[in-house]
Amino acid sequence: MKHITKIIIIVAALVSSAAASPRVISLDYCSDQYVLKLADKEQIIAVSRGADKDYSYMRDEAKNHKRIRPSPEEVLILEPDLVIRQWGGGVGATETLSQFGAKVVSLGYPEDFGGVKANIRMVASALDQVDRGEQLIDEMQSRLDAVKSNTTDQKRALYVTPGGVTAGAHTMIDAILTAAGLINIAAADGEIYWPPLPAESLLLNPPAVIVTGFFLSRDQDINYWSAARHPAIEQQFEKTPTIHLPPDVISCAAWFAVDAVEQIAQQREAK
């Protein structure tokens, strides 16, 4: 009888512990990634409507969860303990949801892997999943270190998007290129954030590698007036080794950016 009583007490304690874990909703597809990776399935009440799209890295996991719009009405009726967002819900979302008792955690916008680690720790702590967060950070760092140890010469690279912009310093793309052992031409030239493609200067100082984001092909989703259609850019595509990154590894600044680093590092050596 005493043995049975002990089992009942242990089970009750486990149930109580599980119930104490915060129940969470994420409001946009970037916050979805962190929640789907770090939370227990039972903790997740709902994710955003973008969570299962092709540009969502955790899209397969998202299919198992309710998807909602980031409106206060849809969020509050589900009575979450915790809401995690980056931009979802708009400017006033944090204040509005907090007034009704939900704890709101707002993700930063990482410009490097240090910022990604900070976001992981923030979400993991809020979810009571600190150990899981640290494990994810360790795995990411181990993969980054492995790429760094195998990197040989640095090649000059240009990042190209269908919209005709590139990535300068203070962007996750710059951090990805650097981690893969490339020199980001735009950042090296003093550009920051998302400047237009330097089409004319490419003729004088062409890249050794082109890295693209959000291209399915060079002809698809490119505006007629985009700098990506400039003859200088077209010439570079024809004669320069090009690495196409899938959108799900670069659409959000998160731990899976290391997938992009590994892909670039592998393909740059093969070209």
# chains A, B, ... in the order shown; residues from 1 in each chain; ligands from 1
>>> residues_around(residues="range 91-99 of chain A", least_positions_apart="3", cutoff="10 Å", atoms="only C-alpha atoms", output="number ranges by chain")
A: 27, 70-73, 75-76, 80, 82-85, 87-88, 102-106
>>> closest_atom_pairs(of="range 170-224 of chain A", to="range 127-149 of chain A", cutoff="9 Å", atoms="only C-alpha atoms", output="Markdown table")
| residue | atom | partner | partner_atom | distance |
| --- | --- | --- | --- | --- |
| A:Ala179 | CA | A:Lys148 | CA | 6.8 |
| A:Ala180 | CA | A:Val147 | CA | 6.7 |
| A:Gly181 | CA | A:Lys148 | CA | 7.1 |
>>> write_last_selection(atoms="N, CA and C atoms", output="CSV table (one decimal), in the first residue's frame")
chain,number,residue,atom,x,y,z
A,179,ALA,N,31.2,33.4,-41.7
A,179,ALA,CA,31.3,32.1,-41.0
A,179,ALA,C,31.7,31.0,-42.0
A,180,ALA,N,31.3,31.2,-43.3
A,180,ALA,CA,31.6,30.2,-44.3
A,180,ALA,C,33.0,30.4,-44.9
A,181,GLY,N,33.7,31.4,-44.4
A,181,GLY,CA,35.0,31.7,-44.9
A,181,GLY,C,35.1,32.6,-46.2
>>> closest_residue(among="A:Glu79, A:Ala62, A:Ala187, A:Tyr55", to="Lys41 in chain A", atoms="only C-alpha atoms")
A:Ala62
>>> residues_around(residues="Pro247 in chain A", least_positions_apart="2", cutoff="7 Å", atoms="only C-alpha atoms", output="mmCIF file with C-alpha atoms, in the first residue's frame")
data_model
loop_
_atom_site.group_PDB
_atom_site.id
_atom_site.type_symbol
_atom_site.label_atom_id
_atom_site.label_comp_id
_atom_site.auth_asym_id
_atom_site.auth_seq_id
_atom_site.Cartn_x
_atom_site.Cartn_y
_atom_site.Cartn_z
ATOM 1 C CA TYR A 55 10.017 29.501 -45.997
ATOM 2 C CA GLY A 213 18.740 34.107 -51.585
ATOM 3 C CA PHE A 214 15.084 33.527 -52.526
ATOM 4 C CA LEU A 245 20.419 29.119 -50.616
ATOM 5 C CA VAL A 249 17.499 28.677 -43.865
ATOM 6 C CA ILE A 250 17.734 32.452 -44.349
ATOM 7 C CA SER A 251 14.187 33.795 -43.944
#
>>> residues_around(residues="Tyr29 in chain A", least_positions_apart="5", cutoff="9 Å", atoms="only C-alpha atoms", output="VMD selection string")
chain A and resid 47 to 53 55 to 56 85 to 86 88 252
>>> residues_around(residues="range 203-208 of chain A", least_positions_apart="2", cutoff="6 Å", atoms="only C-alpha atoms", output="mmCIF file with N, CA and C atoms, in the first residue's frame")
data_model
loop_
_atom_site.group_PDB
_atom_site.id
_atom_site.type_symbol
_atom_site.label_atom_id
_atom_site.label_comp_id
_atom_site.auth_asym_id
_atom_site.auth_seq_id
_atom_site.Cartn_x
_atom_site.Cartn_y
_atom_site.Cartn_z
ATOM 1 N N LYS A 155 37.435 33.724 -50.193
ATOM 2 C CA LYS A 155 37.048 34.184 -51.519
ATOM 3 C C LYS A 155 36.075 35.354 -51.385
ATOM 4 N N ARG A 156 36.160 36.270 -52.357
ATOM 5 C CA ARG A 156 35.245 37.408 -52.369
ATOM 6 C C ARG A 156 33.884 36.949 -52.886
ATOM 7 N N ALA A 157 32.834 37.308 -52.148
ATOM 8 C CA ALA A 157 31.491 36.842 -52.497
ATOM 9 C C ALA A 157 30.506 37.996 -52.548
ATOM 10 N N GLU A 200 27.672 48.224 -61.533
ATOM 11 C CA GLU A 200 28.774 48.717 -62.353
ATOM 12 C C GLU A 200 30.140 48.329 -61.785
ATOM 13 N N SER A 201 30.266 48.390 -60.458
ATOM 14 C CA SER A 201 31.565 48.088 -59.856
ATOM 15 C C SER A 201 31.954 46.626 -60.033
#
>>> closest_residue(among="A:Gln33, A:Thr171, A:Asn150, A:Gln236", to="Val123 in chain A", atoms="only C-alpha atoms")
A:Gln33
>>> atom_distance(atom1="CA of Ala124 in chain A", atom2="CA of Leu38 in chain A")
6.3 Å
>>> select_by_dssp(residues="range 111-270 of chain A", states="helix (DSSP H, G or I)", output="ChimeraX atom specification")
/A:113-126,130-150,172-179,185-188,199-204,227-229,231-239,247-249,257-270
>>> closest_residue(among="A:Asp174, A:Asp153, A:Asp81, A:Glu61", to="Phe113 in chain A", atoms="only C-alpha atoms")
A:Asp174
>>> decode(residues="range 233-266 of chain A", atoms="N, CA and C atoms", output="tab-separated table (two decimals), in the first residue's frame")
chain	number	residue	atom	x	y	z
A	233	ILE	N	25.12	42.14	-63.83
A	233	ILE	CA	24.76	41.04	-62.94
A	233	ILE	C	24.53	39.77	-63.75
A	234	GLU	N	23.83	39.90	-64.88
A	234	GLU	CA	23.58	38.74	-65.73
A	234	GLU	C	24.89	38.11	-66.20
A	235	GLN	N	25.85	38.94	-66.54
A	235	GLN	CA	27.15	38.42	-66.96
A	235	GLN	C	27.84	37.66	-65.84
A	236	GLN	N	27.73	38.18	-64.63
A	236	GLN	CA	28.37	37.51	-63.50
A	236	GLN	C	27.72	36.16	-63.22
A	237	PHE	N	26.40	36.08	-63.35
A	237	PHE	CA	25.73	34.79	-63.16
A	237	PHE	C	26.23	33.75	-64.16
A	238	GLU	N	26.48	34.19	-65.38
A	238	GLU	CA	26.87	33.27	-66.43
A	238	GLU	C	28.28	32.71	-66.24
A	239	LYS	N	29.16	33.50	-65.63
A	239	LYS	CA	30.56	33.05	-65.56
A	239	LYS	C	31.09	32.83	-64.15
A	240	THR	N	30.26	33.07	-63.13
A	240	THR	CA	30.74	32.97	-61.75
A	240	THR	C	30.07	31.80	-61.04
A	241	PRO	N	30.82	30.99	-60.29
A	241	PRO	CA	30.21	29.93	-59.49
A	241	PRO	C	29.14	30.51	-58.57
A	242	THR	N	27.97	29.90	-58.58
A	242	THR	CA	26.82	30.45	-57.85
A	242	THR	C	26.25	29.41	-56.89
A	243	ILE	N	25.97	29.86	-55.68
A	243	ILE	CA	25.39	28.99	-54.64
A	243	ILE	C	24.01	29.52	-54.30
A	244	HIS	N	22.99	28.70	-54.50
A	244	HIS	CA	21.61	29.11	-54.22
A	244	HIS	C	21.19	28.60	-52.85
A	245	LEU	N	20.87	29.51	-51.95
A	245	LEU	CA	20.42	29.12	-50.62
A	245	LEU	C	18.90	28.97	-50.59
A	246	PRO	N	18.38	27.91	-50.00
A	246	PRO	CA	16.92	27.76	-49.87
A	246	PRO	C	16.37	28.79	-48.90
A	247	PRO	N	15.16	29.27	-49.14
A	247	PRO	CA	14.62	30.35	-48.30
A	247	PRO	C	14.44	29.98	-46.84
A	248	ASP	N	14.21	28.71	-46.54
A	248	ASP	CA	13.91	28.37	-45.14
A	248	ASP	C	15.11	28.49	-44.21
A	249	VAL	N	16.33	28.54	-44.75
A	249	VAL	CA	17.50	28.68	-43.87
A	249	VAL	C	17.94	30.13	-43.68
A	250	ILE	N	17.33	31.04	-44.45
A	250	ILE	CA	17.73	32.45	-44.35
A	250	ILE	C	16.57	33.41	-44.13
A	251	SER	N	15.34	32.90	-44.10
A	251	SER	CA	14.19	33.79	-43.94
A	251	SER	C	14.10	34.39	-42.55
A	252	CYS	N	14.68	33.70	-41.56
A	252	CYS	CA	14.75	34.21	-40.18
A	252	CYS	C	16.15	34.00	-39.64
A	253	ALA	N	16.57	34.89	-38.77
A	253	ALA	CA	17.87	34.75	-38.13
A	253	ALA	C	17.71	33.82	-36.94
A	254	ALA	N	18.11	32.57	-37.11
A	254	ALA	CA	17.96	31.57	-36.06
A	254	ALA	C	19.09	30.56	-36.17
A	255	TRP	N	19.04	29.54	-35.34
A	255	TRP	CA	20.13	28.56	-35.27
A	255	TRP	C	20.38	27.87	-36.60
A	256	PHE	N	19.34	27.72	-37.44
A	256	PHE	CA	19.49	27.00	-38.70
A	256	PHE	C	20.24	27.80	-39.76
A	257	ALA	N	20.63	29.02	-39.44
A	257	ALA	CA	21.54	29.75	-40.34
A	257	ALA	C	22.84	28.98	-40.52
A	258	VAL	N	23.17	28.12	-39.57
A	258	VAL	CA	24.37	27.30	-39.71
A	258	VAL	C	24.21	26.31	-40.86
A	259	ASP	N	22.98	25.94	-41.22
A	259	ASP	CA	22.77	25.11	-42.41
A	259	ASP	C	23.28	25.83	-43.65
A	260	ALA	N	22.99	27.13	-43.72
A	260	ALA	CA	23.45	27.94	-44.85
A	260	ALA	C	24.97	28.03	-44.86
A	261	VAL	N	25.56	28.20	-43.68
A	261	VAL	CA	27.03	28.25	-43.58
A	261	VAL	C	27.64	26.97	-44.12
A	262	GLU	N	27.12	25.84	-43.70
A	262	GLU	CA	27.66	24.54	-44.14
A	262	GLU	C	27.47	24.34	-45.64
A	263	GLN	N	26.31	24.74	-46.15
A	263	GLN	CA	26.05	24.58	-47.58
A	263	GLN	C	27.03	25.41	-48.40
A	264	ILE	N	27.24	26.66	-47.99
A	264	ILE	CA	28.19	27.52	-48.71
A	264	ILE	C	29.60	26.94	-48.63
A	265	ALA	N	30.01	26.53	-47.44
A	265	ALA	CA	31.36	26.01	-47.25
A	265	ALA	C	31.61	24.77	-48.11
A	266	GLN	N	30.62	23.90	-48.18
A	266	GLN	CA	30.77	22.68	-48.98
A	266	GLN	C	30.82	22.99	-50.47
